[in-house]
>>> print(open('entry.json').read())   # JSON, C-alpha atoms and all ligand atoms
[["chain", "number", "residue", "atom", "x", "y", "z"],
["U", 95, "MET", "CA", 15.10, -1.20, -12.05],
["U", 96, "ALA", "CA", 12.25, 0.21, -9.98],
["U", 97, "LYS", "CA", 12.35, -0.55, -6.27],
["U", 98, "VAL", "CA", 9.14, -2.09, -4.91],
["U", 99, "VAL", "CA", 8.02, -0.57, -1.61],
["U", 100, "PHE", "CA", 5.13, -1.97, 0.44],
["U", 101, "GLY", "CA", 3.87, 0.70, 2.81],
["U", 102, "MET", "CA", 1.03, 0.53, 5.31],
["U", 103, "THR", "CA", 0.00, 2.02, 8.63],
["U", 104, "MET", "CA", -0.81, -0.44, 11.40],
["U", 105, "SER", "CA", -1.64, -0.44, 15.10],
["U", 106, "LEU", "CA", 1.10, -1.49, 17.49],
["U", 107, "ASP", "CA", -0.59, -4.91, 17.67],
["U", 108, "GLY", "CA", -0.48, -5.32, 13.90],
["U", 109, "PHE", "CA", -3.95, -4.41, 12.56],
["U", 110, "VAL", "CA", -4.53, -2.22, 9.49],
["U", 111, "ASN", "CA", -8.15, -1.50, 10.39],
["U", 112, "ASP", "CA", -10.36, -1.97, 13.43],
["U", 113, "ARG", "CA", -13.04, -4.56, 14.21],
["U", 114, "ASN", "CA", -15.54, -2.50, 12.17],
["U", 115, "GLY", "CA", -13.21, -2.24, 9.18],
["U", 116, "SER", "CA", -12.39, 1.42, 9.85],
["U", 117, "VAL", "CA", -8.89, 2.88, 9.44],
["U", 118, "THR", "CA", -9.83, 6.10, 11.28],
["U", 119, "PRO", "CA", -8.42, 5.09, 14.71],
["U", 120, "LEU", "CA", -4.99, 4.62, 13.10],
["U", 121, "TYR", "CA", -4.89, 8.27, 12.08],
["U", 122, "SER", "CA", -6.74, 9.90, 14.98],
["U", 123, "LEU", "CA", -3.58, 11.07, 16.80],
["U", 124, "ASP", "CA", -1.20, 11.53, 13.90],
["U", 125, "THR", "CA", -0.87, 11.07, 10.15],
["U", 126, "LEU", "CA", 2.17, 10.55, 7.96],
["U", 127, "PRO", "CA", 4.39, 13.63, 8.47],
["U", 128, "LYS", "CA", 4.03, 16.10, 5.57],
["U", 129, "GLN", "CA", 7.67, 15.81, 4.52],
["U", 130, "LEU", "CA", 7.51, 11.99, 4.41],
["U", 131, "LEU", "CA", 4.40, 12.15, 2.26],
["U", 132, "GLU", "CA", 6.05, 14.64, -0.09],
["U", 133, "ASP", "CA", 9.14, 12.42, -0.30],
["U", 134, "ALA", "CA", 6.99, 9.38, -1.07],
["U", 135, "ILE", "CA", 5.05, 11.27, -3.76],
["U", 136, "ALA", "CA", 8.29, 12.42, -5.40],
["U", 137, "ALA", "CA", 9.80, 8.91, -5.32],
["U", 138, "THR", "CA", 6.75, 7.01, -6.59],
["U", 139, "GLY", "CA", 6.34, 6.24, -10.28],
["U", 140, "ALA", "CA", 3.46, 3.77, -10.06],
["U", 141, "VAL", "CA", 1.04, 2.44, -7.44],
["U", 142, "VAL", "CA", -0.27, -1.09, -6.98],
["U", 143, "MET", "CA", -3.33, -1.82, -4.86],
["U", 144, "GLY", "CA", -5.74, -4.66, -4.17],
["U", 145, "ARG", "CA", -9.39, -4.35, -5.14],
["U", 146, "ARG", "CA", -10.58, -3.83, -1.53],
["U", 147, "THR", "CA", -8.13, -0.99, -1.05],
["U", 148, "PHE", "CA", -9.27, 0.56, -4.35],
["U", 149, "GLU", "CA", -12.84, 0.35, -3.03],
["U", 150, "MET", "CA", -11.95, 2.43, 0.05],
["U", 151, "ALA", "CA", -12.77, 5.47, -2.08],
["U", 152, "GLU", "CA", -16.55, 5.89, -1.93],
["U", 153, "ASP", "CA", -16.42, 7.45, -5.38],
["U", 154, "PRO", "CA", -13.52, 6.06, -7.47],
["U", 155, "ASP", "CA", -13.73, 9.08, -9.77],
["U", 156, "THR", "CA", -12.17, 11.12, -6.95],
["U", 157, "TYR", "CA", -8.77, 9.38, -7.37],
["U", 158, "ALA", "CA", -8.08, 11.54, -10.39],
["U", 159, "ASP", "CA", -8.96, 14.69, -8.43],
["U", 160, "VAL", "CA", -7.55, 14.19, -4.95],
["U", 161, "TYR", "CA", -5.37, 11.08, -4.61],
["U", 162, "GLU", "CA", -1.87, 11.98, -3.47],
["U", 163, "PHE", "CA", -0.16, 9.64, -5.95],
["U", 164, "GLN", "CA", -0.98, 11.10, -9.37],
["U", 165, "VAL", "CA", 0.72, 8.24, -11.24],
["U", 166, "PRO", "CA", -0.39, 5.08, -13.08],
["U", 167, "ILE", "CA", -2.41, 2.85, -10.72],
["U", 168, "PHE", "CA", -2.56, -0.92, -11.08],
["U", 169, "VAL", "CA", -5.49, -2.57, -9.31],
["U", 170, "VAL", "CA", -5.21, -6.33, -8.82],
["U", 171, "THR", "CA", -8.63, -7.89, -9.23],
["U", 172, "ASP", "CA", -10.47, -10.91, -10.56],
["U", 173, "ARG", "CA", -12.76, -8.67, -12.58],
["U", 174, "ALA", "CA", -12.38, -5.12, -13.82],
["U", 175, "PRO", "CA", -15.25, -2.76, -12.95],
["U", 176, "ALA", "CA", -17.85, -2.18, -15.63],
["U", 177, "ARG", "CA", -16.69, 1.43, -16.04],
["U", 178, "THR", "CA", -13.13, 2.75, -15.74],
["U", 179, "PRO", "CA", -13.05, 5.55, -13.16],
["U", 180, "LYS", "CA", -12.12, 9.09, -14.14],
["U", 181, "GLN", "CA", -8.47, 9.43, -15.23],
["U", 182, "ASN", "CA", -6.15, 12.29, -16.14],
["U", 183, "ASP", "CA", -2.83, 12.83, -17.96],
["U", 184, "ARG", "CA", -0.82, 11.31, -15.09],
["U", 185, "LEU", "CA", -3.22, 9.01, -13.24],
["U", 186, "ARG", "CA", -4.34, 6.11, -15.42],
["U", 187, "PHE", "CA", -6.04, 2.94, -14.13],
["U", 188, "THR", "CA", -5.10, -0.57, -15.17],
["U", 189, "PHE", "CA", -7.18, -3.40, -13.73],
["U", 190, "VAL", "CA", -4.85, -6.38, -13.70],
["U", 191, "THR", "CA", -6.69, -9.70, -13.87],
["U", 192, "ASP", "CA", -3.75, -12.07, -14.32],
["U", 193, "GLY", "CA", -2.34, -11.89, -10.81],
["U", 194, "ALA", "CA", -0.20, -9.90, -8.40],
["U", 195, "GLU", "CA", 3.11, -10.67, -10.07],
["U", 196, "ALA", "CA", 1.79, -9.39, -13.40],
["U", 197, "ALA", "CA", 0.73, -6.17, -11.68],
["U", 198, "ILE", "CA", 4.22, -5.63, -10.30],
["U", 199, "ARG", "CA", 5.74, -6.32, -13.73],
["U", 200, "GLN", "CA", 3.47, -3.74, -15.38],
["U", 201, "ALA", "CA", 3.94, -1.21, -12.59],
["U", 202, "LYS", "CA", 7.73, -1.48, -12.84],
["U", 203, "ALA", "CA", 7.57, -0.79, -16.55],
["U", 204, "ALA", "CA", 5.36, 2.25, -15.92],
["U", 205, "ALA", "CA", 7.49, 3.57, -13.03],
["U", 206, "GLY", "CA", 10.72, 3.71, -15.03],
["U", 207, "ALA", "CA", 13.52, 4.70, -12.65],
["U", 208, "LYS", "CA", 11.08, 5.60, -9.86],
["U", 209, "GLU", "CA", 9.64, 3.35, -7.17],
["U", 210, "VAL", "CA", 6.59, 1.12, -7.27],
["U", 211, "CYS", "CA", 4.48, 1.70, -4.17],
["U", 212, "ILE", "CA", 2.14, -1.04, -2.94],
["U", 213, "VAL", "CA", -0.41, 0.75, -0.80],
["U", 214, "GLY", "CA", -2.32, -2.30, 0.45],
["U", 215, "GLY", "CA", -4.05, -4.19, 1.53],
["U", 216, "PRO", "CA", -2.75, -7.16, 3.50],
["U", 217, "ASN", "CA", -4.18, -9.71, 1.07],
["U", 218, "LEU", "CA", -2.15, -8.31, -1.84],
["U", 219, "GLY", "CA", 0.88, -7.44, 0.29],
["U", 220, "GLN", "CA", 1.10, -10.93, 1.75],
["U", 221, "GLN", "CA", 1.07, -12.48, -1.73],
["U", 222, "LEU", "CA", 3.91, -10.22, -2.80],
["U", 223, "LEU", "CA", 5.91, -10.84, 0.38],
["U", 224, "ARG", "CA", 5.51, -14.60, -0.12],
["U", 225, "ALA", "CA", 6.64, -14.26, -3.73],
["U", 226, "GLY", "CA", 9.73, -12.26, -2.71],
["U", 227, "LEU", "CA", 8.62, -9.31, -4.85],
["U", 228, "VAL", "CA", 8.93, -6.62, -2.16],
["U", 229, "ASP", "CA", 12.26, -4.79, -1.81],
["U", 230, "GLU", "CA", 11.35, -2.52, 1.09],
["U", 231, "LEU", "CA", 8.73, -2.48, 3.81],
["U", 232, "GLN", "CA", 7.58, 0.89, 5.12],
["U", 233, "LEU", "CA", 5.61, 0.63, 8.34],
["U", 234, "GLY", "CA", 3.80, 3.43, 10.05],
["U", 235, "ILE", "CA", 3.07, 2.34, 13.60],
["U", 236, "ALA", "CA", 0.16, 4.10, 15.27],
["U", 237, "PRO", "CA", 0.14, 4.30, 19.07],
["U", 238, "ILE", "CA", -2.95, 2.18, 19.57],
["U", 239, "LEU", "CA", -3.75, -1.44, 20.42],
["U", 240, "LEU", "CA", -6.82, -2.30, 18.36],
["U", 241, "GLY", "CA", -7.18, -5.86, 19.62],
["U", 242, "ALA", "CA", -9.04, -6.96, 16.47],
["U", 243, "GLY", "CA", -9.33, -6.11, 12.79],
["U", 244, "LEU", "CA", -7.44, -7.10, 9.67],
["U", 245, "ARG", "CA", -3.94, -8.39, 10.42],
["U", 246, "LEU", "CA", -1.11, -7.11, 8.27],
["U", 247, "PHE", "CA", 1.24, -10.01, 8.79],
["U", 248, "GLU", "CA", -0.21, -13.49, 8.46],
["U", 249, "HIS", "CA", -0.28, -16.22, 5.81],
["U", 250, "LEU", "CA", 3.37, -15.54, 5.06],
["U", 251, "GLY", "CA", 4.40, -19.15, 4.57],
["U", 252, "ASP", "CA", 6.79, -21.38, 6.51],
["U", 253, "THR", "CA", 10.01, -19.47, 5.95],
["U", 254, "ALA", "CA", 11.08, -16.54, 8.11],
["U", 255, "ILE", "CA", 11.58, -13.29, 6.23],
["U", 256, "GLN", "CA", 14.73, -11.47, 7.30],
["U", 257, "LEU", "CA", 14.65, -7.67, 7.42],
["U", 258, "GLU", "CA", 17.24, -4.96, 7.83],
["U", 259, "LYS", "CA", 16.17, -1.66, 9.40],
["U", 260, "VAL", "CA", 17.30, 1.16, 7.12],
["U", 261, "ARG", "CA", 15.48, 4.23, 8.48],
["U", 262, "LEU", "CA", 13.41, 5.33, 11.44],
["U", 263, "VAL", "CA", 11.44, 8.55, 11.80],
["U", 264, "ASP", "CA", 10.11, 9.32, 15.27],
["U", 265, "SER", "CA", 8.45, 12.66, 14.71],
["U", 266, "GLY", "CA", 5.32, 12.51, 16.83],
["U", 267, "PRO", "CA", 2.92, 9.96, 18.29],
["U", 268, "ARG", "CA", 3.47, 7.77, 15.24],
["U", 269, "THR", "CA", 6.68, 5.91, 14.37],
["U", 270, "ASP", "CA", 7.75, 5.20, 10.78],
["U", 271, "ILE", "CA", 10.24, 2.45, 10.09],
["U", 272, "TRP", "CA", 11.74, 1.33, 6.78],
["U", 273, "TYR", "CA", 13.06, -2.20, 6.40],
["U", 274, "ARG", "CA", 15.00, -3.64, 3.49],
["U", 275, "MET", "CA", 14.05, -7.20, 2.66],
["U", 276, "VAL", "CA", 17.14, -9.40, 2.99],
["U", 277, "LYS", "CA", 16.99, -11.75, 0.01],
["B", 301, "LIG", "N1", -3.84, 1.12, 7.34],
["B", 301, "LIG", "C1", -3.52, 1.26, 6.06],
["B", 301, "LIG", "O1", -2.45, 1.81, 5.72],
["B", 301, "LIG", "C2", -4.45, 0.72, 5.01],
["B", 301, "LIG", "C3", -4.17, 0.97, 3.64],
["B", 301, "LIG", "C4", -4.96, 0.36, 2.69],
["B", 301, "LIG", "C5", -6.01, -0.47, 3.08],
["B", 301, "LIG", "N2", -6.25, -0.67, 4.40],
["B", 301, "LIG", "C6", -7.34, -1.59, 4.85],
["B", 301, "LIG", "O2", -7.17, -2.80, 4.17],
["B", 301, "LIG", "C7", -8.45, -3.23, 3.66],
["B", 301, "LIG", "C8", -8.25, -4.03, 2.38],
["B", 301, "LIG", "O3", -7.29, -5.04, 2.57],
["B", 301, "LIG", "P1", -7.54, -6.54, 2.07],
["B", 301, "LIG", "O4", -6.34, -7.31, 2.42],
["B", 301, "LIG", "O5", -8.87, -7.01, 2.54],
["B", 301, "LIG", "O6", -7.72, -6.37, 0.49],
["B", 301, "LIG", "P2", -6.78, -5.91, -0.73],
["B", 301, "LIG", "O7", -5.45, -6.56, -0.64],
["B", 301, "LIG", "O8", -6.84, -4.44, -0.84],
["B", 301, "LIG", "O9", -7.63, -6.51, -1.94],
["B", 301, "LIG", "C9", -7.89, -7.89, -1.99],
["B", 301, "LIG", "C10", -8.71, -8.16, -3.22],
["B", 301, "LIG", "O10", -7.95, -7.86, -4.40],
["B", 301, "LIG", "C11", -8.21, -8.84, -5.41],
["B", 301, "LIG", "N3", -7.00, -9.65, -5.56],
["B", 301, "LIG", "C12", -5.94, -9.73, -4.71],
["B", 301, "LIG", "N4", -5.00, -10.57, -5.20],
["B", 301, "LIG", "C13", -5.49, -11.04, -6.38],
["B", 301, "LIG", "C14", -4.98, -11.93, -7.36],
["B", 301, "LIG", "N5", -3.78, -12.50, -7.22],
["B", 301, "LIG", "N6", -5.72, -12.16, -8.46],
["B", 301, "LIG", "C15", -6.92, -11.56, -8.62],
["B", 301, "LIG", "N7", -7.47, -10.71, -7.71],
["B", 301, "LIG", "C16", -6.76, -10.45, -6.62],
["B", 301, "LIG", "C17", -9.37, -9.68, -4.89],
["B", 301, "LIG", "O11", -10.58, -8.95, -5.15],
["B", 301, "LIG", "P3", -11.69, -9.36, -6.26],
["B", 301, "LIG", "O12", -11.72, -10.86, -6.32],
["B", 301, "LIG", "O13", -12.95, -8.75, -5.75],
["B", 301, "LIG", "O14", -11.27, -8.75, -7.54],
["B", 301, "LIG", "C18", -9.12, -9.62, -3.37],
["B", 301, "LIG", "O15", -10.28, -9.90, -2.62],
["B", 301, "LIG", "C19", -9.21, -1.95, 3.44],
["B", 301, "LIG", "O16", -10.59, -2.18, 3.51],
["B", 301, "LIG", "C20", -8.70, -1.04, 4.55],
["B", 301, "LIG", "O17", -9.53, -1.17, 5.69],
["B", 301, "LIG", "C21", -5.50, -0.09, 5.37]]
>>> encode(input="entry.json", output="structure tokens")
Amino acid sequence: MAKVVFGMTMSLDGFVNDRNGSVTPLYSLDTLPKQLLEDAIAATGAVVMGRRTFEMAEDPDTYADVYEFQVPIFVVTDRAPARTPKQNDRLRFTFVTDGAEAAIRQAKAAAGAKEVCIVGGPNLGQQLLRAGLVDELQLGIAPILLGAGLRLFEHLGDTAIQLEKVRLVDSGPRTDIWYRMVK
């Protein structure tokens, strides 16, 4: 059964973008090391994203040309866009309008033995963490204190979520940590 990985880059104080909504400061010193990106691409069989994260691309047609994950993409939304963006043999869009859990179910079926990667944002990720649908958390921690922006971890409910650290890569200014969700 496909493992569900929720991966995001955040500032040391827990923000996934700055007070202006920009993610640029998180990547100004360092990006995900090339080998880690290649590993993630090889492991990923399907991607799930929230509508705001999908809209980070100024032109959604560019996903089919340049997005690193050339796999089926499931966008959780209340309403599908009027026109489906450009697709190709490997990257197909599904706009899922019956909730986050349904998106994970469909993504798992599409991923086969590979992983499902949730690429953001916090709104979607928090729903899936609350529902216990995440198997692994992959955090890239950028060496910056943003002080304001969109918080990754809030609205997680009343019960603590126990994690087990399974991997740490300290290759440059940025630190990447993998945690298994203890269920
Ligand atoms: N640092 C990083 O690694 C990273 C990565 C990705 C994104 N980001 C940042 O995160 C921001 C987006 O995060 P976000 O938390 O605001 O948004 P998000 O999780 O990407 O998307 C939230 C939207 O998805 C739709 N949605 C979510 N759950 C739904 C459900 N159960 N049923 C129906 N629709 C649902 C709704 O949009 P509709 O109602 O409009 O359909 C909702 O407003 C980006 O702008 C970017 O700045 C950072």
>>> closest_atom_pairs(input="entry.json", of="chain U", to="ligand LIG 301 (chain B)", cutoff="8 Å", atoms="all atoms listed in the file", output="JSON lines")
{"residue": "U:Gly101", "atom": "CA", "partner": "B:LIG301", "partner_atom": "O1", "distance": 7.0}
{"residue": "U:Met102", "atom": "CA", "partner": "B:LIG301", "partner_atom": "O1", "distance": 3.7}
{"residue": "U:Thr103", "atom": "CA", "partner": "B:LIG301", "partner_atom": "O1", "distance": 3.8}
{"residue": "U:Met104", "atom": "CA", "partner": "B:LIG301", "partner_atom": "N1", "distance": 5.3}
{"residue": "U:Phe109", "atom": "CA", "partner": "B:LIG301", "partner_atom": "N1", "distance": 7.6}
{"residue": "U:Val110", "atom": "CA", "partner": "B:LIG301", "partner_atom": "N1", "distance": 4.0}
{"residue": "U:Asn111", "atom": "CA", "partner": "B:LIG301", "partner_atom": "O17", "distance": 4.9}
{"residue": "U:Asp112", "atom": "CA", "partner": "B:LIG301", "partner_atom": "O17", "distance": 7.8}
{"residue": "U:Gly115", "atom": "CA", "partner": "B:LIG301", "partner_atom": "O17", "distance": 5.2}
{"residue": "U:Ser116", "atom": "CA", "partner": "B:LIG301", "partner_atom": "O17", "distance": 5.7}
{"residue": "U:Val117", "atom": "CA", "partner": "B:LIG301", "partner_atom": "O17", "distance": 5.6}
{"residue": "U:Leu120", "atom": "CA", "partner": "B:LIG301", "partner_atom": "N1", "distance": 6.8}
{"residue": "U:Met143", "atom": "CA", "partner": "B:LIG301", "partner_atom": "O8", "distance": 5.9}
{"residue": "U:Gly144", "atom": "CA", "partner": "B:LIG301", "partner_atom": "O9", "distance": 3.5}
{"residue": "U:Arg145", "atom": "CA", "partner": "B:LIG301", "partner_atom": "O10", "distance": 3.9}
{"residue": "U:Arg146", "atom": "CA", "partner": "B:LIG301", "partner_atom": "O8", "distance": 3.9}
{"residue": "U:Thr147", "atom": "CA", "partner": "B:LIG301", "partner_atom": "O8", "distance": 3.7}
{"residue": "U:Phe148", "atom": "CA", "partner": "B:LIG301", "partner_atom": "O8", "distance": 6.6}
{"residue": "U:Glu149", "atom": "CA", "partner": "B:LIG301", "partner_atom": "O16", "distance": 7.4}
{"residue": "U:Met150", "atom": "CA", "partner": "B:LIG301", "partner_atom": "O16", "distance": 5.9}
{"residue": "U:Val169", "atom": "CA", "partner": "B:LIG301", "partner_atom": "O10", "distance": 7.6}
{"residue": "U:Val170", "atom": "CA", "partner": "B:LIG301", "partner_atom": "C16", "distance": 4.9}
{"residue": "U:Thr171", "atom": "CA", "partner": "B:LIG301", "partner_atom": "O14", "distance": 3.3}
{"residue": "U:Asp172", "atom": "CA", "partner": "B:LIG301", "partner_atom": "O14", "distance": 3.8}
{"residue": "U:Arg173", "atom": "CA", "partner": "B:LIG301", "partner_atom": "O14", "distance": 5.3}
{"residue": "U:Ala174", "atom": "CA", "partner": "B:LIG301", "partner_atom": "O14", "distance": 7.3}
{"residue": "U:Val190", "atom": "CA", "partner": "B:LIG301", "partner_atom": "C15", "distance": 7.5}
{"residue": "U:Thr191", "atom": "CA", "partner": "B:LIG301", "partner_atom": "C15", "distance": 5.6}
{"residue": "U:Asp192", "atom": "CA", "partner": "B:LIG301", "partner_atom": "N6", "distance": 6.2}
{"residue": "U:Gly193", "atom": "CA", "partner": "B:LIG301", "partner_atom": "N5", "distance": 3.9}
{"residue": "U:Ala194", "atom": "CA", "partner": "B:LIG301", "partner_atom": "N5", "distance": 4.6}
{"residue": "U:Glu195", "atom": "CA", "partner": "B:LIG301", "partner_atom": "N5", "distance": 7.7}
{"residue": "U:Val213", "atom": "CA", "partner": "B:LIG301", "partner_atom": "C4", "distance": 5.7}
{"residue": "U:Gly214", "atom": "CA", "partner": "B:LIG301", "partner_atom": "C4", "distance": 4.4}
{"residue": "U:Gly215", "atom": "CA", "partner": "B:LIG301", "partner_atom": "O7", "distance": 3.5}
{"residue": "U:Pro216", "atom": "CA", "partner": "B:LIG301", "partner_atom": "O4", "distance": 3.8}
{"residue": "U:Asn217", "atom": "CA", "partner": "B:LIG301", "partner_atom": "O4", "distance": 3.5}
{"residue": "U:Leu218", "atom": "CA", "partner": "B:LIG301", "partner_atom": "O7", "distance": 3.9}
{"residue": "U:Gly219", "atom": "CA", "partner": "B:LIG301", "partner_atom": "O7", "distance": 6.5}
{"residue": "U:Gln221", "atom": "CA", "partner": "B:LIG301", "partner_atom": "N4", "distance": 7.2}
{"residue": "U:Gly234", "atom": "CA", "partner": "B:LIG301", "partner_atom": "O1", "distance": 7.8}
{"residue": "U:Leu244", "atom": "CA", "partner": "B:LIG301", "partner_atom": "O2", "distance": 7.0}
{"residue": "U:Leu246", "atom": "CA", "partner": "B:LIG301", "partner_atom": "O4", "distance": 7.8}
>>> residues_around(input="entry.json", residues="Lys277 (chain U)", least_positions_apart="4", cutoff="9 Å", atoms="all atoms listed in the file", output="PDB file with C-alpha atoms, in the frame of the given file")
ATOM      1  CA  GLY U 226       9.730 -12.260  -2.710  1.00  0.00           C
ATOM      2  CA  ASP U 229      12.260  -4.790  -1.810  1.00  0.00           C
ATOM      3  CA  ILE U 255      11.580 -13.290   6.230  1.00  0.00           C
ATOM      4  CA  GLN U 256      14.730 -11.470   7.300  1.00  0.00           C
ATOM      5  CA  LEU U 257      14.650  -7.670   7.420  1.00  0.00           C
TER       6      LEU U 257
END
>>> atom_distance(input="entry.json", atom1="CA of Ala134 (chain U)", atom2="CA of Pro119 (chain U)")
22.5 Å
>>> atom_distance(input="entry.json", atom1="CA of Lys128 (chain U)", atom2="CA of Gln200 (chain U)")
28.9 Å
>>> closest_residue(input="entry.json", among="U:Ala158, U:Ala203, U:Asp107, U:Leu250", to="Arg186 (chain U)", atoms="all atoms listed in the file")
U:Ala158
>>> closest_residue(input="entry.json", among="U:Leu222, U:Ala151, U:Ala140, U:Leu106", to="Phe187 (chain U)", atoms="only C-alpha atoms")
U:Ala140
>>> axis_aligned_box(input="entry.json", around="region 118-131 of chain U", padding_each_side="4 Å", output="lines of an AutoDock Vina configuration file")
center_x = -1.1
center_y = 10.4
center_z = 9.5
size_x = 25.5
size_y = 19.5
size_z = 22.5
>>> closest_residue(input="entry.json", among="U:Asp264, U:Glu230, U:Glu258, U:Asp155", to="Arg177 (chain U)", atoms="all atoms listed in the file")
U:Asp155
>>> atom_distance(input="entry.json", atom1="CA of Tyr273 (chain U)", atom2="CA of Gln232 (chain U)")
6.4 Å
>>> closest_residue(input="entry.json", among="U:Leu262, U:Leu240, U:Val99, U:Ile235", to="Asp124 (chain U)", atoms="only C-alpha atoms")
U:Ile235
